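What follows is the content of model28.txt, which has compact mmCIF, C-alpha atoms:
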# COMPACT_ATOMS: atom_id res chain seq x y z
CA MET A 258 0.00 0.00 0.00
CA GLU A 259 1.18 3.48 -0.78
CA TRP A 260 0.89 6.02 1.98
CA ALA A 261 0.50 9.75 2.01
CA GLY A 262 4.04 10.41 3.22
CA ARG A 263 5.62 8.75 0.23
CA GLY A 264 7.16 11.10 -2.32
CA VAL A 265 5.03 9.92 -5.21
CA GLU A 266 3.82 12.13 -8.00
CA GLY A 267 0.57 13.65 -6.82
CA SER A 268 0.83 12.44 -3.23
CA GLY A 269 1.16 15.88 -1.69
CA PHE A 270 4.09 14.88 0.49
CA GLU A 271 7.85 14.54 0.16
CA PRO A 272 9.89 11.76 1.79
CA ALA A 273 10.89 12.50 5.37
CA ASN A 274 14.50 12.94 6.45
CA PHE A 275 15.13 10.36 9.18
CA SER A 276 18.42 11.91 10.33
CA SER A 277 18.93 11.48 14.08
CA GLY A 278 19.55 15.17 14.60
CA GLN A 279 22.65 14.51 16.73
CA GLY A 280 24.90 17.48 17.20
CA ARG A 281 22.07 19.94 16.76
CA ALA A 282 20.63 22.36 19.28
CA PRO A 283 17.91 20.91 21.55
CA GLY A 284 15.25 23.07 19.90
CA ARG A 285 16.21 21.77 16.47
CA ARG A 286 16.03 18.18 17.77
CA ARG A 287 12.57 18.76 19.24
CA GLY A 288 11.40 20.12 15.91
CA ARG A 289 12.77 17.07 14.14
CA VAL A 290 11.08 14.75 16.63
CA THR A 291 7.78 16.53 15.96
CA ARG A 292 8.23 16.16 12.22
CA ARG A 293 9.14 12.49 12.66
CA ALA A 294 5.96 11.94 14.68
CA GLU A 295 3.96 13.56 11.89
CA THR A 296 5.69 11.32 9.36
CA MET A 297 4.74 8.24 11.40
CA VAL A 298 1.12 9.37 11.21
CA GLN A 299 1.43 9.89 7.47
CA GLN A 300 2.81 6.37 7.01
CA VAL A 301 -0.54 4.85 7.90
CA LEU A 302 -2.46 7.10 5.50
CA TYR A 303 -3.26 6.06 1.98
CA ARG A 304 -2.43 8.90 -0.38
CA ALA A 305 -5.42 11.19 -0.66
CA LEU A 306 -4.39 12.81 -3.94
CA VAL A 307 -3.15 11.51 -7.26
CA SER A 308 -1.96 13.75 -10.06
CA THR A 309 -3.37 14.03 -13.55
CA LYS A 310 0.02 12.85 -14.83
CA TRP A 311 -0.16 9.70 -12.70
CA LEU A 312 -3.70 8.91 -13.80
CA ALA A 313 -2.93 9.61 -17.47
CA GLU A 314 -0.04 7.16 -17.29
CA SER A 315 -2.30 4.58 -15.64
CA VAL A 316 -4.85 5.01 -18.43
CA ARG A 317 -2.15 4.83 -21.13
CA THR A 318 -0.65 1.63 -19.75
CA GLY A 319 -4.00 -0.10 -19.37
CA LYS A 320 -4.00 -0.30 -15.58
CA LEU A 321 -7.69 0.53 -15.18
CA GLY A 322 -9.67 -2.53 -14.19
CA PRO A 323 -10.67 -4.42 -11.04
CA SER A 324 -7.66 -3.06 -9.13
CA LEU A 325 -8.06 0.58 -10.26
CA ARG A 326 -11.39 2.25 -10.94
CA VAL A 327 -12.06 5.90 -11.79
CA LEU A 328 -15.29 7.69 -10.89
CA ASP A 329 -16.77 10.93 -12.24
CA ALA A 330 -18.67 12.30 -9.22
CA SER A 331 -19.85 15.55 -10.79
CA TRP A 332 -23.04 17.19 -9.55
CA TYR A 333 -24.43 20.63 -10.35
CA SER A 334 -27.33 22.71 -9.09
CA PRO A 335 -30.54 22.07 -11.05
CA GLY A 336 -30.86 24.35 -14.05
CA THR A 337 -27.11 24.96 -14.42
CA ARG A 338 -25.21 21.99 -15.85
CA ASP A 339 -26.23 18.37 -16.47
CA ALA A 340 -23.55 16.16 -14.91
CA ARG A 341 -24.64 12.86 -16.47
CA LYS A 342 -25.04 14.45 -19.92
CA GLU A 343 -21.53 15.91 -19.68
CA TYR A 344 -20.18 12.51 -18.60
CA LEU A 345 -21.75 10.88 -21.65
CA GLU A 346 -20.15 13.54 -23.86
CA ARG A 347 -16.64 13.25 -22.45
CA HIS A 348 -14.91 11.73 -19.46
CA VAL A 349 -11.64 10.11 -18.44
CA PRO A 350 -11.32 6.85 -20.42
CA GLY A 351 -12.58 3.96 -18.31
CA ALA A 352 -14.34 6.18 -15.78
CA SER A 353 -17.81 5.36 -14.47
CA PHE A 354 -20.40 7.92 -13.44
CA PHE A 355 -21.04 8.06 -9.69
CA ASP A 356 -24.55 9.46 -9.24
CA ILE A 357 -24.59 11.03 -5.80
CA GLU A 358 -28.34 11.58 -6.13
CA GLU A 359 -28.80 7.84 -6.44
CA CYS A 360 -26.24 6.80 -3.83
CA ARG A 361 -27.87 8.45 -0.81
CA ASN A 362 -30.65 7.91 1.69
CA ARG A 363 -33.68 8.88 -0.35
CA GLU A 364 -36.06 8.33 2.57
CA SER A 365 -34.42 11.02 4.69
CA PRO A 366 -36.04 14.48 4.79
CA TYR A 367 -32.55 15.98 4.80
CA GLU A 368 -30.20 16.60 1.88
CA MET A 369 -27.57 14.12 0.68
CA MET A 370 -27.63 11.84 3.72
CA LEU A 371 -25.53 8.67 3.58
CA PRO A 372 -27.12 5.50 2.20
CA THR A 373 -27.14 2.32 4.26
CA GLU A 374 -24.14 -0.02 4.29
CA ALA A 375 -26.03 -2.41 2.01
CA GLY A 376 -27.09 0.41 -0.30
CA PHE A 377 -23.55 1.73 -0.69
CA ALA A 378 -22.08 -1.76 -1.13
CA ASP A 379 -24.58 -2.62 -3.85
CA TYR A 380 -24.10 0.68 -5.68
CA VAL A 381 -20.29 0.66 -5.82
CA GLY A 382 -20.22 -3.08 -6.47
CA ARG A 383 -22.20 -2.42 -9.66
CA LEU A 384 -19.42 0.01 -10.63
CA GLY A 385 -16.91 -2.83 -10.48
CA ILE A 386 -15.43 -1.82 -7.14
CA SER A 387 -14.36 -4.41 -4.57
CA ASN A 388 -12.57 -4.00 -1.25
CA ASN A 389 -9.29 -4.50 -3.14
CA THR A 390 -9.86 -1.67 -5.62
CA HIS A 391 -7.97 1.62 -5.61
CA VAL A 392 -10.66 4.21 -6.36
CA VAL A 393 -9.82 7.58 -7.93
CA VAL A 394 -12.55 10.22 -7.83
CA TYR A 395 -12.86 13.46 -9.77
CA ASP A 396 -15.53 15.97 -10.78
CA GLY A 397 -15.92 18.58 -13.50
CA ASP A 398 -16.52 21.64 -11.36
CA ASN A 399 -14.82 24.85 -12.50
CA LEU A 400 -13.20 25.19 -9.05
CA GLY A 401 -11.19 22.03 -9.75
CA SER A 402 -12.94 20.00 -7.06
CA PHE A 403 -16.36 20.15 -5.43
CA TYR A 404 -18.15 16.82 -4.96
CA ALA A 405 -15.14 14.50 -5.32
CA PRO A 406 -14.05 14.90 -1.66
CA ARG A 407 -17.57 13.89 -0.57
CA VAL A 408 -17.28 10.59 -2.45
CA TRP A 409 -13.71 10.16 -1.12
CA TRP A 410 -15.13 10.49 2.40
CA MET A 411 -18.07 8.19 1.63
CA PHE A 412 -15.69 5.38 0.75
CA ARG A 413 -13.67 6.03 3.89
CA VAL A 414 -16.71 6.17 6.21
CA PHE A 415 -17.78 2.80 4.78
CA GLY A 416 -14.39 1.30 5.64
CA HIS A 417 -12.55 1.65 2.31
CA ARG A 418 -9.14 3.29 2.67
CA THR A 419 -7.69 2.92 -0.84
CA VAL A 420 -9.38 5.96 -2.33
CA SER A 421 -7.90 9.15 -3.79
CA VAL A 422 -9.07 12.44 -5.28
CA LEU A 423 -7.70 13.52 -8.67
CA ASN A 424 -5.79 16.68 -7.81
CA GLY A 425 -6.89 19.45 -10.17
CA GLY A 426 -9.98 17.58 -11.28
CA PHE A 427 -11.37 17.20 -14.78
CA ARG A 428 -10.72 20.92 -15.33
CA ASN A 429 -6.97 20.34 -15.35
CA TRP A 430 -7.24 16.96 -17.06
CA LEU A 431 -8.70 18.82 -20.04
CA LYS A 432 -6.36 21.79 -19.73
CA GLU A 433 -3.32 19.50 -19.89
CA GLY A 434 -4.63 17.73 -22.98
CA HIS A 435 -5.13 14.25 -21.55
CA PRO A 436 -7.41 11.86 -23.47
CA VAL A 437 -11.19 11.82 -23.09
CA THR A 438 -13.88 9.55 -24.45
CA SER A 439 -17.65 9.48 -24.84
CA GLU A 440 -17.73 5.69 -24.51
CA PRO A 441 -19.55 4.66 -21.32
CA SER A 442 -17.77 2.31 -18.97
CA HIS A 443 -19.26 -1.14 -18.39
CA PRO A 444 -17.21 -2.68 -15.57
CA GLU A 445 -17.86 -6.22 -14.45
CA PRO A 446 -19.77 -6.10 -11.15
CA ALA A 447 -17.79 -6.85 -8.01
CA ILE A 448 -18.54 -7.66 -4.40
CA PHE A 449 -17.97 -4.82 -1.94
CA LYS A 450 -18.42 -5.21 1.81
CA ALA A 451 -19.23 -1.93 3.55
CA THR A 452 -18.59 -1.44 7.26
CA LEU A 453 -19.64 1.92 8.66
CA ASP A 454 -16.88 3.70 10.60
CA ARG A 455 -18.95 5.68 13.08
CA SER A 456 -15.90 7.65 14.24
CA LEU A 457 -15.97 9.58 10.94
CA LEU A 458 -19.68 10.42 11.17
CA LYS A 459 -21.59 12.66 13.58
CA THR A 460 -25.33 12.90 14.13
CA TYR A 461 -27.55 15.79 15.16
CA GLU A 462 -27.72 14.44 18.72
CA GLN A 463 -23.93 14.25 18.99
CA VAL A 464 -23.44 17.81 17.71
CA LEU A 465 -26.15 19.07 20.06
CA GLU A 466 -24.42 17.37 23.01
CA ASN A 467 -21.13 18.88 21.89
CA LEU A 468 -22.49 22.40 22.48
CA GLU A 469 -22.26 21.58 26.18
CA SER A 470 -19.27 19.21 26.33
CA LYS A 471 -17.15 21.03 23.71
CA ARG A 472 -15.21 17.83 23.13
CA PHE A 473 -15.00 18.58 19.41
CA GLN A 474 -14.05 21.69 17.50
CA LEU A 475 -16.70 22.53 14.90
CA VAL A 476 -15.72 24.00 11.51
CA ASP A 477 -18.16 25.21 8.83
CA SER A 478 -16.95 25.12 5.22
CA ARG A 479 -19.56 27.37 3.57
CA ALA A 480 -18.88 30.81 2.10
CA GLN A 481 -18.59 33.53 4.72
CA GLY A 482 -21.85 35.28 3.83
CA ARG A 483 -23.89 32.10 4.20
CA TYR A 484 -22.12 31.30 7.47
CA LEU A 485 -22.81 34.78 8.85
CA GLY A 486 -26.39 34.81 7.59
CA THR A 487 -25.88 37.90 5.42
CA GLU A 488 -26.24 35.99 2.12
CA PRO A 489 -29.00 33.50 1.26
CA GLU A 490 -28.61 29.76 0.89
CA PRO A 491 -28.67 29.03 -2.87
CA ASP A 492 -31.61 27.11 -4.31
CA ALA A 493 -33.21 26.84 -0.88
CA VAL A 494 -36.86 27.12 0.10
CA GLY A 495 -37.60 27.53 3.79
CA LEU A 496 -33.91 27.52 4.75
CA ASP A 497 -32.32 30.66 6.17
CA SER A 498 -28.56 31.07 6.26
CA GLY A 499 -26.50 31.23 9.44
CA HIS A 500 -24.40 28.81 11.44
CA ILE A 501 -24.30 26.45 14.40
CA GLN A 502 -23.41 28.15 17.66
CA GLY A 503 -19.70 27.85 18.41
CA SER A 504 -18.61 26.89 14.89
CA VAL A 505 -15.63 28.44 13.08
CA ASN A 506 -15.79 29.40 9.40
CA MET A 507 -13.25 28.05 6.87
CA PRO A 508 -14.70 28.38 3.34
CA PHE A 509 -13.75 25.29 1.35
CA MET A 510 -12.77 27.29 -1.76
CA ASN A 511 -9.78 28.62 0.17
CA PHE A 512 -8.24 25.15 0.31
CA LEU A 513 -7.82 25.26 -3.47
CA THR A 514 -5.42 27.27 -5.61
CA GLU A 515 -6.70 29.54 -8.39
CA ASP A 516 -5.71 26.78 -10.81
CA GLY A 517 -7.91 24.24 -9.03
CA PHE A 518 -5.29 22.23 -7.17
CA GLU A 519 -5.25 21.40 -3.47
CA LYS A 520 -2.89 23.63 -1.52
CA GLY A 521 0.15 22.02 0.08
CA PRO A 522 0.23 20.66 3.66
CA GLU A 523 2.26 23.58 5.07
CA GLU A 524 -0.14 26.17 3.67
CA LEU A 525 -3.16 24.15 4.78
CA ARG A 526 -1.74 23.76 8.28
CA ALA A 527 -1.16 27.52 8.49
CA MET A 528 -4.79 28.11 7.49
CA PHE A 529 -6.03 25.93 10.36
CA GLU A 530 -3.67 27.68 12.76
CA ALA A 531 -4.90 31.09 11.62
CA LYS A 532 -8.43 30.05 12.61
CA LYS A 533 -7.13 28.61 15.90
CA VAL A 534 -8.22 25.12 14.88
CA ASP A 535 -6.00 22.60 16.67
CA LEU A 536 -5.35 19.57 14.46
CA THR A 537 -4.19 17.57 17.47
CA LYS A 538 -7.71 17.71 18.90
CA PRO A 539 -11.06 16.22 17.78
CA LEU A 540 -12.77 18.01 14.91
CA ILE A 541 -16.22 17.95 13.30
CA ALA A 542 -16.78 19.47 9.86
CA THR A 543 -20.14 20.85 8.75
CA CYS A 544 -21.60 22.79 5.82
CA ARG A 545 -25.12 22.85 4.38
CA LYS A 546 -25.58 19.18 3.46
CA GLY A 547 -22.36 17.36 4.32
CA VAL A 548 -20.64 17.85 0.95
CA THR A 549 -18.11 20.69 1.11
CA ALA A 550 -17.46 19.76 4.77
CA CYS A 551 -15.52 16.87 3.26
CA HIS A 552 -13.00 19.42 1.90
CA ILE A 553 -12.12 20.16 5.52
CA ALA A 554 -11.65 16.45 6.18
CA LEU A 555 -9.44 16.17 3.10
CA ALA A 556 -7.34 19.22 3.99
CA ALA A 557 -6.83 17.94 7.54
CA TYR A 558 -5.95 14.48 6.16
CA LEU A 559 -3.24 16.05 4.01
CA CYS A 560 -1.87 17.58 7.22
CA GLY A 561 -1.68 14.12 8.80
CA LYS A 562 -5.06 14.16 10.59
CA PRO A 563 -7.27 11.33 9.26
CA ASP A 564 -10.01 11.39 11.89
CA VAL A 565 -12.13 14.45 11.06
CA ALA A 566 -15.81 13.54 11.41
CA ILE A 567 -18.56 14.89 9.15
CA TYR A 568 -21.90 16.08 10.50
CA ASP A 569 -23.90 14.52 7.70
CA GLY A 570 -27.12 16.49 8.23
CA SER A 571 -25.19 19.74 8.59
CA TRP A 572 -26.94 23.13 8.51
CA PHE A 573 -29.99 21.86 6.63
CA GLU A 574 -30.85 19.42 9.43
CA TRP A 575 -29.71 21.79 12.18
CA PHE A 576 -31.90 24.61 10.92
CA HIS A 577 -34.98 22.38 10.97
CA ARG A 578 -34.32 20.61 14.29
CA ALA A 579 -32.13 22.64 16.62
CA PRO A 580 -33.29 25.09 19.32
CA PRO A 581 -33.47 28.63 17.87
CA GLU A 582 -30.84 29.95 20.28
CA THR A 583 -28.27 27.57 18.75
CA ARG A 584 -28.78 28.99 15.24
CA VAL A 585 -26.64 32.10 14.87
CA SER A 586 -27.19 34.70 12.15
CA GLN A 587 -26.44 38.36 11.53
CA GLY A 588 -29.41 38.52 9.21
CA LYS A 589 -32.50 38.10 11.40
CA GLY A 590 -31.96 39.64 14.78
CA GLY A 591 -29.11 37.30 15.57
CA LYS A 592 -31.02 34.05 15.01
CA ALA A 593 -31.69 32.01 11.89
Any chance you could put this one into C-alpha cells?
Amino acid sequence: MEWAGRGVEGSGFEPANFSSGQGRAPGRRRGRVTRRAETMVQQVLYRALVSTKWLAESVRTGKLGPSLRVLDASWYSPGTRDARKEYLERHVPGASFFDIEECRNRESPYEMMLPTEAGFADYVGRLGISNNTHVVVYDGDNLGSFYAPRVWWMFRVFGHRTVSVLNGGFRNWLKEGHPVTSEPSHPEPAIFKATLDRSLLKTYEQVLENLESKRFQLVDSRAQGRYLGTEPEPDAVGLDSGHIQGSVNMPFMNFLTEDGFEKGPEELRAMFEAKKVDLTKPLIATCRKGVTACHIALAAYLCGKPDVAIYDGSWFEWFHRAPPETRVSQGKGGKA
C-alpha cells in the first residue's frame, strides 16, 4: 500500500528525512522529533491525492480494471449543468459515473444523507469496485474540485481506505490535454463489503451534546456570507442562512489554488492555525448538506489528521431541528 508520506507524484508529500539530529541544538532536535511523529502518522495514511500525470499514465498503460477504478462524481445545481449528460459527452477513459443523487438515503427528509451499508455496497459493487480496488474520484466543477471529496469520504466512512481524489480535477485533465472519451464504462460487477466507521460520522444528537461538552471543535466550510447569515442559501426554500453556535468558518474554496489544485500541507496547516483550529484535537466538519465539509476532512488528512468527522445532516438538518438559540445569524436579529 502506498501512503501519504511517500514522495510519489501527486501524493502531496515529500519523503521524510530520518536523520537522528545529533549534534544539533535541543530546539532543532525537538522540531525534528515533531516532524518524525507527523511522518509516522502519514505512514498509515493512503495517499489522498493523485496527479493528472499519474492517472494519465495509468490510463495509457492499461491499468484501469478491477484493481483501479475511476469515478466521475460531478453534480451541479438544477438548471445549471447536467452532470450525467456531460459525462456521456466526455470523461476520463474507463471512468464510471457516480450518481450522488442515487447513492444516498432517499427516505431522509434531509439533503444528501448517507445511504445504508447495504445500499452503498450494492451501488459501488455495480461500478466494479471491490474491497481490493484503488478508487480515484474526480468531478468537473470549475473550481477544480467540489463533490469529489464527498465521495472520497463516503468510501472512507464505509471502511474503504484505498481511495484518492484527482488533484486538479477534470478541469486540469482537459487543460493538460489528456485523453477523453464518450464511450460509457461497463465494468464487471464486483462484491464490496461496507462497514460503517462511526468515528468519521456525527449525528444531530452528537453535535447538540457537543455544544455543552465542547469535546470537538466545529468548523463550517460554507462561504462567509452564508455562514454569517448575510447571504441567502442558494436554491433553498424555507432555509435561512446562518451557522451552528460555536462553529468556526473556513470556506472550502480557500483550500484550493486559483488553478484548481489542493494547496500544500504547510499552507493548509497555516490556514487551520490562523483560525485557531487545533489539528491535534477532535474536529467535526459541517456545511449545508455534508458535501463541502468533506473538503475540511481532506485538507486535515493532508496535514496528517485522518479522523475528522462529518456532520452529515449539517446546517440543513440543524436549521430544521435545533433550538433557535443555537442557530446564529447576523441577518435576522441574531437568530436564523
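Among A:Met369, A:Arg526, A:Glu469, A:Asp379, the residue with the shortest atom-to-atom distance to Arg407 in chain A, counting all atoms listed in the file, is A:Met369.
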### Query
Hey, can you check how far CA of Val307 in chain A sits from CA of Thr373 in chain A?
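Computed distance, CA of Val307 in chain A to CA of Thr373 in chain A, equals 28.2 Å.
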#### Entry: Nearest-residue call for Arg578 in chain A, choices A:Asn511, A:Thr460, A:Ser402, A:Thr438, using only C-alpha atoms
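Looking only at the distances to Arg578 in chain A, the closest residue turns out to be A:Thr460.
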### Query
Using all atoms listed in the file, which of the listed residues (A:Ala493, A:Arg317, A:Ser478, A:Glu440) sits closest to Ser334 in chain A?
A:Ala493
### Message
I'd like the interatomic distance between CA of Gly570 in chain A and CA of Arg361 in chain A, to a tenth of an Å.
### Response
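For CA of Gly570 in chain A relative to CA of Arg361 in chain A, the distance reads 12.1 Å.
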### Message
Using all atoms listed in the file for the distances, tell me which of A:His435, A:Lys538, A:Arg479, A:His391 is nearest to Ala305 in chain A.
### Response
A:His391
#### Entry: Counting only C-alpha atoms, the option among A:Lys520, A:Lys546, A:Arg383, A:Lys342 closest to His443 in chain A
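The closest residue to His443 in chain A is A:Arg383.
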